[in-house]
file run-v1.csv (CSV, C-alpha atoms and all ligand atoms)
chain,number,residue,atom,x,y,z
A,1,MET,CA,15.8,-4.4,8.3
A,2,PRO,CA,12.8,-6.1,6.7
A,3,HIS,CA,11.5,-5.3,3.2
A,4,ILE,CA,8.2,-3.6,3.7
A,5,TRP,CA,5.6,-3.8,1.0
A,6,PRO,CA,2.5,-1.7,1.7
A,7,ILE,CA,-0.4,-2.6,-0.6
A,8,GLY,CA,-3.0,0.1,-1.3
A,9,GLY,CA,-5.8,0.6,-3.8
A,10,GLY,CA,-8.4,3.3,-3.8
A,11,LYS,CA,-11.4,1.0,-4.1
A,12,GLY,CA,-12.7,-1.9,-2.0
A,13,GLY,CA,-12.6,-5.2,-3.8
A,14,SER,CA,-9.7,-4.4,-6.1
A,15,GLY,CA,-7.8,-7.3,-4.7
A,16,LYS,CA,-5.5,-5.9,-2.0
A,17,SER,CA,-6.0,-8.7,0.5
A,18,PHE,CA,-5.8,-11.4,-2.3
A,19,LEU,CA,-2.5,-9.9,-3.5
A,20,ALA,CA,-1.1,-9.5,0.1
A,21,SER,CA,-2.0,-13.2,1.0
A,22,SER,CA,-0.6,-14.5,-2.4
A,23,MET,CA,2.6,-12.5,-2.1
A,24,GLY,CA,3.0,-13.7,1.5
A,25,ARG,CA,2.5,-17.3,0.4
A,26,LEU,CA,5.0,-17.1,-2.4
A,27,LEU,CA,7.7,-15.3,-0.4
A,28,SER,CA,7.3,-17.7,2.5
A,29,LYS,CA,7.4,-20.7,0.2
A,30,SER,CA,10.7,-19.5,-1.2
A,31,GLY,CA,12.1,-19.6,2.4
A,32,ARG,CA,11.7,-15.9,3.3
A,33,LYS,CA,10.3,-15.3,6.8
A,34,THR,CA,7.3,-13.3,6.0
A,35,LEU,CA,4.8,-11.3,8.1
A,36,LEU,CA,1.4,-10.1,6.9
A,37,ILE,CA,-0.2,-7.2,8.8
A,38,ASP,CA,-3.8,-6.5,8.3
A,39,LEU,CA,-4.1,-2.7,8.6
A,40,ASP,CA,-7.5,-2.5,7.0
A,41,LEU,CA,-8.6,-1.1,10.4
A,42,GLY,CA,-12.3,-1.6,11.0
A,43,ALA,CA,-12.8,-4.0,8.1
A,44,ALA,CA,-10.1,-6.6,8.5
A,45,ASN,CA,-10.4,-10.0,6.8
A,46,LEU,CA,-6.9,-11.1,5.8
A,47,HIS,CA,-6.9,-13.9,8.4
A,48,THR,CA,-9.6,-15.7,6.3
A,49,MET,CA,-7.4,-15.7,3.3
A,50,VAL,CA,-4.5,-17.4,5.1
A,51,ASP,CA,-6.7,-19.9,6.9
A,52,VAL,CA,-6.6,-18.5,10.4
A,53,PRO,CA,-10.3,-18.7,11.2
A,54,TYR,CA,-10.3,-17.5,14.8
A,55,PRO,CA,-7.4,-15.0,15.4
A,56,GLU,CA,-6.8,-15.0,19.2
A,57,LYS,CA,-4.7,-11.8,19.1
A,58,CYS,CA,-4.7,-8.8,16.9
A,59,PHE,CA,-3.2,-5.5,16.0
A,60,SER,CA,-5.3,-3.5,18.5
A,61,ASP,CA,-3.9,-5.6,21.4
A,62,PHE,CA,-0.7,-3.7,20.7
A,63,ILE,CA,-2.4,-0.3,20.3
A,64,SER,CA,-4.4,-0.7,23.5
A,65,ARG,CA,-1.2,-2.0,25.3
A,66,LYS,CA,-2.8,-5.3,26.1
A,67,VAL,CA,0.5,-6.7,24.8
A,68,ALA,CA,3.7,-4.6,25.2
A,69,ASP,CA,5.6,-5.9,22.2
A,70,LEU,CA,4.3,-6.1,18.7
A,71,ASN,CA,5.9,-9.5,18.4
A,72,ASP,CA,3.3,-10.7,21.0
A,73,ALA,CA,0.5,-10.0,18.6
A,74,VAL,CA,2.0,-12.3,15.9
A,75,LEU,CA,0.1,-15.5,15.0
A,76,PRO,CA,1.3,-18.5,13.1
A,77,THR,CA,-0.5,-19.6,9.9
A,78,PRO,CA,-0.7,-23.1,8.6
A,79,PHE,CA,2.0,-22.2,6.1
A,80,PRO,CA,5.7,-22.5,7.1
A,81,ASN,CA,7.5,-19.1,7.3
A,82,LEU,CA,4.3,-17.2,7.0
A,83,PHE,CA,3.0,-15.2,10.0
A,84,LEU,CA,0.1,-12.8,10.6
A,85,ILE,CA,-0.9,-9.9,12.7
A,86,SER,CA,-4.6,-9.9,12.3
A,87,GLY,CA,-6.9,-6.9,12.4
A,88,ALA,CA,-9.9,-9.0,13.1
A,89,HIS,CA,-11.1,-7.7,16.5
A,90,ASP,CA,-10.0,-4.1,15.9
A,91,SER,CA,-12.6,-1.6,16.9
A,92,LEU,CA,-13.6,1.4,14.9
A,93,ASP,CA,-11.8,3.9,17.1
A,94,ILE,CA,-8.5,2.3,16.1
A,95,ALA,CA,-9.4,3.4,12.6
A,96,ASN,CA,-8.5,6.9,13.7
A,97,LEU,CA,-5.1,6.4,15.2
A,98,PRO,CA,-3.4,9.6,16.4
A,99,TYR,CA,-0.3,10.6,14.3
A,100,GLU,CA,2.2,10.1,17.1
A,101,LYS,CA,1.0,6.6,17.8
A,102,LYS,CA,1.1,5.7,14.1
A,103,ILE,CA,4.7,6.8,13.8
A,104,LYS,CA,5.5,4.8,17.0
A,105,THR,CA,3.7,1.8,15.5
A,106,LEU,CA,5.6,2.1,12.2
A,107,LYS,CA,8.9,2.2,14.1
A,108,SER,CA,7.9,-1.0,15.9
A,109,ILE,CA,7.0,-2.6,12.6
A,110,ALA,CA,10.3,-1.7,11.0
A,111,LYS,CA,12.2,-3.3,13.9
A,112,LEU,CA,10.5,-6.7,13.6
A,113,LYS,CA,12.8,-9.5,12.6
A,114,TYR,CA,11.3,-10.7,9.3
A,115,ASP,CA,12.7,-10.8,5.7
A,116,TYR,CA,9.4,-9.4,4.3
A,117,ILE,CA,6.5,-7.5,5.9
A,118,ILE,CA,3.4,-7.0,3.8
A,119,LEU,CA,0.9,-4.4,4.9
A,120,ASP,CA,-2.7,-4.9,3.7
A,121,LEU,CA,-4.3,-1.5,3.8
A,122,GLY,CA,-7.9,-0.3,3.7
A,123,ALA,CA,-9.6,1.2,0.7
A,124,GLY,CA,-9.9,5.0,0.4
A,125,THR,CA,-7.6,7.9,1.4
A,126,ALA,CA,-7.9,8.0,5.2
A,127,PHE,CA,-4.7,9.4,6.9
A,128,ASN,CA,-4.0,6.0,8.3
A,129,THR,CA,-3.9,4.5,4.9
A,130,LEU,CA,-1.6,7.3,3.5
A,131,ASP,CA,0.8,7.1,6.5
A,132,PHE,CA,1.1,3.3,6.4
A,133,PHE,CA,1.6,3.4,2.7
A,134,LEU,CA,4.4,5.9,3.1
A,135,ALA,CA,6.1,3.6,5.6
A,136,SER,CA,8.2,2.4,2.8
A,137,ARG,CA,9.4,3.5,-0.6
A,138,ASN,CA,8.3,0.1,-2.0
A,139,GLY,CA,4.5,0.7,-2.0
A,140,ILE,CA,2.3,-1.3,-4.4
A,141,PHE,CA,-0.9,0.1,-5.9
A,142,ILE,CA,-3.5,-2.3,-7.2
A,143,THR,CA,-6.6,-1.5,-9.3
A,144,THR,CA,-8.9,-3.4,-11.6
A,145,PRO,CA,-9.3,-2.1,-15.2
A,146,GLU,CA,-12.7,-0.5,-14.4
A,147,PRO,CA,-12.7,3.3,-14.7
A,148,THR,CA,-14.1,3.7,-11.2
A,149,SER,CA,-11.3,1.7,-9.7
A,150,ILE,CA,-8.7,3.6,-11.7
A,151,GLU,CA,-10.2,6.9,-10.6
A,152,ASN,CA,-9.9,5.8,-7.0
A,153,VAL,CA,-6.3,4.6,-7.3
A,154,TYR,CA,-5.4,7.9,-8.9
A,155,ARG,CA,-7.1,9.8,-6.1
A,156,LEU,CA,-5.1,7.6,-3.6
A,157,MET,CA,-1.8,8.4,-5.4
A,158,ARG,CA,-2.6,12.1,-5.3
A,159,ALA,CA,-3.5,12.0,-1.6
A,160,ILE,CA,-0.2,10.2,-0.9
A,161,TYR,CA,1.6,12.9,-2.8
A,162,LEU,CA,-0.1,15.6,-0.9
A,163,ARG,CA,0.4,13.9,2.5
A,164,ARG,CA,4.1,13.7,1.8
A,165,ILE,CA,4.3,17.4,0.8
A,166,ARG,CA,2.5,18.2,4.1
A,167,HIS,CA,5.2,16.4,6.0
A,168,TYR,CA,7.7,19.1,5.0
A,169,PHE,CA,5.7,22.0,6.4
A,170,SER,CA,4.7,23.1,9.8
A,171,ALA,CA,0.9,23.7,10.3
A,172,THR,CA,1.4,27.4,9.9
A,173,ASP,CA,3.6,27.2,6.8
A,174,PHE,CA,1.2,24.8,5.3
A,175,LYS,CA,-1.6,27.2,5.8
A,176,SER,CA,0.5,30.0,4.2
A,177,LEU,CA,1.3,27.6,1.3
A,178,GLU,CA,-2.5,27.1,0.8
A,179,LYS,CA,-3.1,30.8,0.9
A,180,LYS,CA,-0.3,31.5,-1.6
A,181,THR,CA,-1.5,28.8,-4.0
A,182,LYS,CA,-5.0,30.1,-3.9
A,183,GLU,CA,-3.8,33.6,-4.5
A,184,HIS,CA,-1.7,32.6,-7.5
A,185,LEU,CA,-3.9,30.0,-9.1
A,186,GLY,CA,-7.5,30.4,-7.9
A,187,ASP,CA,-9.7,29.1,-5.1
A,188,ASP,CA,-10.0,25.5,-6.2
A,189,SER,CA,-6.2,25.1,-7.0
A,190,PHE,CA,-5.1,23.6,-3.7
A,191,ASN,CA,-6.4,20.1,-4.3
A,192,LYS,CA,-4.0,19.6,-7.3
A,193,PRO,CA,-0.5,18.5,-6.4
A,194,GLU,CA,1.0,20.0,-9.6
A,195,ASN,CA,-0.3,23.5,-8.6
A,196,ILE,CA,1.0,23.2,-5.1
A,197,VAL,CA,4.4,22.0,-6.3
A,198,SER,CA,4.7,24.9,-8.7
A,199,VAL,CA,4.1,27.3,-5.8
A,200,VAL,CA,6.5,25.4,-3.5
A,201,LYS,CA,9.1,25.6,-6.3
A,202,THR,CA,9.0,29.4,-6.4
A,203,GLU,CA,8.2,30.2,-2.8
A,204,TYR,CA,10.1,27.5,-0.9
A,205,PRO,CA,12.9,26.4,-3.2
A,206,GLU,CA,14.8,24.5,-0.5
A,207,LYS,CA,11.8,22.4,0.4
A,208,TYR,CA,11.1,21.8,-3.3
A,209,ALA,CA,14.6,20.3,-3.6
A,210,LEU,CA,13.9,17.9,-0.7
A,211,ILE,CA,10.5,16.9,-2.0
A,212,LYS,CA,11.8,16.3,-5.5
A,213,LYS,CA,14.6,14.1,-4.1
A,214,ASP,CA,12.1,12.3,-1.9
A,215,PHE,CA,9.8,11.4,-4.8
A,216,GLY,CA,12.7,10.5,-7.0
A,217,ASP,CA,13.6,7.8,-4.5
A,218,PHE,CA,10.2,6.2,-4.4
A,219,ARG,CA,9.9,2.9,-6.1
A,220,PHE,CA,6.1,2.6,-6.3
A,221,LYS,CA,4.6,-0.1,-8.4
A,222,LEU,CA,1.2,-0.5,-10.1
A,223,ILE,CA,-0.6,-3.8,-10.6
A,224,LEU,CA,-3.7,-4.3,-12.7
A,225,ASN,CA,-5.9,-7.1,-11.3
A,226,GLN,CA,-8.9,-9.0,-12.6
A,227,LEU,CA,-8.0,-8.5,-16.3
A,228,ARG,CA,-10.4,-10.2,-18.7
A,229,LYS,CA,-9.4,-11.4,-22.2
A,230,GLN,CA,-11.0,-8.4,-23.9
A,231,ASP,CA,-9.3,-5.9,-21.6
A,232,ASN,CA,-6.5,-3.6,-22.8
A,233,LEU,CA,-3.2,-5.3,-21.8
A,234,VAL,CA,-1.2,-2.1,-21.9
A,235,LEU,CA,-3.7,-0.1,-19.8
A,236,GLY,CA,-1.3,-0.3,-16.8
A,237,GLU,CA,1.5,1.4,-18.7
A,238,GLN,CA,-0.9,4.0,-20.0
A,239,ILE,CA,-2.0,4.8,-16.4
A,240,CYS,CA,1.6,5.2,-15.3
A,241,LYS,CA,2.3,7.7,-18.1
A,242,ILE,CA,-0.8,9.7,-17.1
A,243,ILE,CA,0.4,9.7,-13.4
A,244,LYS,CA,3.8,10.9,-14.4
A,245,LYS,CA,2.4,13.6,-16.5
A,246,HIS,CA,-0.2,14.9,-14.0
A,247,LEU,CA,1.4,14.1,-10.7
A,248,GLY,CA,5.1,13.9,-11.6
A,249,ILE,CA,5.3,10.6,-9.7
A,250,ASN,CA,7.2,7.7,-11.1
A,251,VAL,CA,5.1,4.6,-10.7
A,252,GLU,CA,6.3,1.6,-12.5
A,253,PHE,CA,3.8,-0.8,-14.0
A,254,ALA,CA,4.6,-4.2,-12.6
A,255,GLY,CA,2.1,-6.4,-14.5
A,256,ASN,CA,-1.3,-7.8,-14.8
A,257,ILE,CA,-3.2,-10.5,-12.9
A,258,ALA,CA,-5.8,-12.3,-14.9
A,259,TYR,CA,-9.4,-12.5,-13.8
A,260,ASP,CA,-10.1,-16.1,-12.7
A,261,GLU,CA,-13.3,-17.5,-11.2
A,262,HIS,CA,-11.3,-19.9,-9.2
A,263,VAL,CA,-10.1,-17.0,-6.9
A,264,HIS,CA,-13.7,-16.8,-5.6
A,265,ASP,CA,-13.8,-20.6,-5.2
A,266,ALA,CA,-10.6,-20.7,-3.3
A,267,ILE,CA,-11.7,-17.9,-0.9
A,268,CYS,CA,-15.1,-19.6,-0.3
A,269,GLN,CA,-13.3,-22.9,0.4
A,270,ARG,CA,-10.8,-21.0,2.7
A,271,VAL,CA,-7.9,-22.5,0.8
A,272,CYS,CA,-4.9,-20.8,-0.7
A,273,PHE,CA,-5.6,-20.1,-4.4
A,274,LEU,CA,-2.0,-20.7,-5.4
A,275,ASP,CA,-1.9,-24.1,-3.8
A,276,ARG,CA,-5.3,-25.2,-5.0
A,277,TYR,CA,-5.1,-23.8,-8.5
A,278,PRO,CA,-1.4,-23.5,-9.3
A,279,HIS,CA,-1.8,-24.1,-13.1
A,280,THR,CA,-4.1,-21.2,-13.8
A,281,LYS,CA,-3.0,-18.1,-15.7
A,282,ALA,CA,-3.8,-15.9,-12.6
A,283,ALA,CA,-1.5,-18.1,-10.4
A,284,ASN,CA,1.3,-17.8,-13.0
A,285,ASP,CA,0.8,-14.0,-13.2
A,286,LEU,CA,1.2,-13.9,-9.4
A,287,ARG,CA,4.4,-16.0,-9.5
A,288,VAL,CA,5.9,-13.8,-12.3
A,289,LEU,CA,5.0,-10.6,-10.3
A,290,ASN,CA,6.4,-11.9,-7.1
A,291,LYS,CA,9.7,-12.8,-8.8
A,292,LYS,CA,9.9,-9.4,-10.5
A,293,MET,CA,9.1,-7.4,-7.4
A,294,SER,CA,11.4,-9.3,-5.1
A,295,ASN,CA,14.2,-8.7,-7.6
A,296,ALA,CA,13.3,-5.1,-8.5
A,297,PHE,CA,12.9,-3.5,-5.1
A,298,GLY,CA,16.4,-4.3,-4.1
A,299,GLU,CA,17.6,-2.8,-0.9
A,300,GLN,CA,15.0,-1.6,1.6
A,301,MET,CA,14.8,2.1,2.0
A,302,MET,CA,12.9,3.6,4.8
A,303,LEU,CA,11.4,7.1,4.8
A,304,ASN,CA,13.2,9.6,6.9
A,305,TYR,CA,10.7,9.7,9.7
A,306,LEU,CA,11.4,6.1,10.6
B,1,LIG,N1,-7.7,-12.0,-10.1
B,1,LIG,C1,-8.9,-12.2,-9.6
B,1,LIG,N2,-9.8,-12.9,-10.3
B,1,LIG,C2,-11.1,-13.1,-9.9
B,1,LIG,N3,-11.6,-12.6,-8.8
B,1,LIG,C3,-10.7,-11.9,-8.0
B,1,LIG,C4,-9.4,-11.6,-8.4
B,1,LIG,N4,-8.8,-10.9,-7.4
B,1,LIG,C5,-9.8,-10.6,-6.5
B,1,LIG,N5,-10.9,-11.2,-6.9
B,1,LIG,C6,-12.2,-11.2,-6.2
B,1,LIG,O1,-12.4,-9.9,-5.6
B,1,LIG,C7,-12.8,-10.0,-4.2
B,1,LIG,C8,-12.2,-8.9,-3.5
B,1,LIG,O2,-10.8,-9.1,-3.3
B,1,LIG,P1,-10.0,-8.6,-2.0
B,1,LIG,O3,-10.8,-9.0,-0.8
B,1,LIG,O4,-8.6,-9.1,-2.1
B,1,LIG,O5,-10.2,-7.1,-2.3
B,1,LIG,P2,-9.7,-5.9,-1.3
B,1,LIG,O6,-9.1,-4.8,-2.2
B,1,LIG,O7,-8.9,-6.4,-0.2
B,1,LIG,O8,-11.1,-5.3,-0.8
B,1,LIG,P3,-11.4,-4.5,0.6
B,1,LIG,O9,-11.0,-3.1,0.4
B,1,LIG,O10,-12.9,-4.6,0.7
B,1,LIG,O11,-10.7,-5.2,1.7
B,1,LIG,C9,-12.3,-11.4,-3.8
B,1,LIG,O12,-13.2,-11.9,-2.8
B,1,LIG,C10,-12.3,-12.2,-5.1
B,1,LIG,O13,-13.6,-12.9,-5.2
B,2,MG,MG,-9.0,-6.3,1.9

call {"tool": "encode", "arguments": {"input": "run-v1.csv", "output": "structure tokens"}}
result
Amino acid sequence: MPHIWPIGGGKGGSGKSFLASSMGRLLSKSGRKTLLIDLDLGAANLHTMVDVPYPEKCFSDFISRKVADLNDAVLPTPFPNLFLISGAHDSLDIANLPYEKKIKTLKSIAKLKYDYIILDLGAGTAFNTLDFFLASRNGIFITTPEPTSIENVYRLMRAIYLRRIRHYFSATDFKSLEKKTKEHLGDDSFNKPENIVSVVKTEYPEKYALIKKDFGDFRFKLILNQLRKQDNLVLGEQICKIIKKHLGINVEFAGNIAYDEHVHDAICQRVCFLDRYPHTKAANDLRVLNKKMSNAFGEQMMLNYL
């Protein structure tokens, strides 16, 4: 089974696609057969970062059954061992995939014969993004040090948490959980996971045990991107502590990636940043992160609906 690394960040421009393409390049360079999937449905651009200017096939060809097998939507890239399923021609209606179809798609992704599969997700907290992020326990969050970006990544984590809790309830039970939470803790209490979990704990103890175990198994990581010299180097660790305190989720701080003007230059020249500027601090940060993450994640663990 492939290692699946979904990459999510609440805000556009935080560096999801840059990280996805860089991790893809590093993994493939070390001999691992790696597939990048652009799931930023409706705003896909990952192909440009791996020098595939005109993707002939894309993810929606599989969704619309133009190709029967997801393997038939895979494109080669100029880099050995690195492959791509582009999202380039995906239309906006695919941005609202029905749940059943999404689960089927996730199952097809999990069956693909690759060592690593990296999912580049869209910004925001759309259900697609949450469900694709939850495809694996090894999700990676990325944010810049700007408060707006941190707020959005926090919102994304919270939404993922809620989405996962929702998974354990039928529609009727979830409605009744909402009602009970509001009765106990006030009308605006249902958007806070800690409130919901406290009600689950008393009202649905058997589900609480499952949810607790589930979240204990997550191996989520946080990466801080575009750090300038003057930025707080331990900000990432501080964010993880706050998340643990408020959401009860263990997110491990994986490391920083320095801000570097050359990233912009490489993207404009449509060349791989790591190949063109290997001696920069940002390139070194990416290599360190890649090594750390490919060691740390260990065995792939899939969520129980896959
Ligand atoms: N470490 C970095 N140093 C300098 N610039 C960076 C760095 N990382 C990303 N950028 C800049 O940020 C821009 C946005 O990055 P990227 O496209 O990866 O973000 P994204 O999170 O995928 O955005 P979207 O949600 O819009 O797809 C890049 O075009 C690049 O110019
Ligand atoms: Mg992107």

call {"tool": "closest_residue", "arguments": {"input": "run-v1.csv", "among": "A:Ile211, A:Ile160, A:Ile142, A:Leu70", "to": "Ile239 in chain A", "atoms": "only C-alpha atoms"}}
result
A:Ile142

call {"tool": "closest_residue", "arguments": {"input": "run-v1.csv", "among": "A:Val200, A:Ile243, A:Leu35, A:Leu46", "to": "ligand LIG 1 (chain B)", "atoms": "all atoms listed in the file"}}
result
A:Leu46

call {"tool": "residues_near_ligand", "arguments": {"input": "run-v1.csv", "ligand": "ligand LIG 1 (chain B)", "cutoff": "6 Å", "atoms": "all atoms listed in the file", "output": "PyMOL selection string"}}
result
chain A and resi 12-18+122-123+225-226+257-261+263-264

call {"tool": "closest_residue", "arguments": {"input": "run-v1.csv", "among": "A:Ser30, A:Asn96, A:Ser60, A:Thr48", "to": "Asn81 in chain A", "atoms": "all atoms listed in the file"}}
result
A:Ser30

call {"tool": "closest_residue", "arguments": {"input": "run-v1.csv", "among": "A:Arg65, A:Lys241, A:Lys180, A:His3", "to": "Leu112 in chain A", "atoms": "all atoms listed in the file"}}
result
A:His3
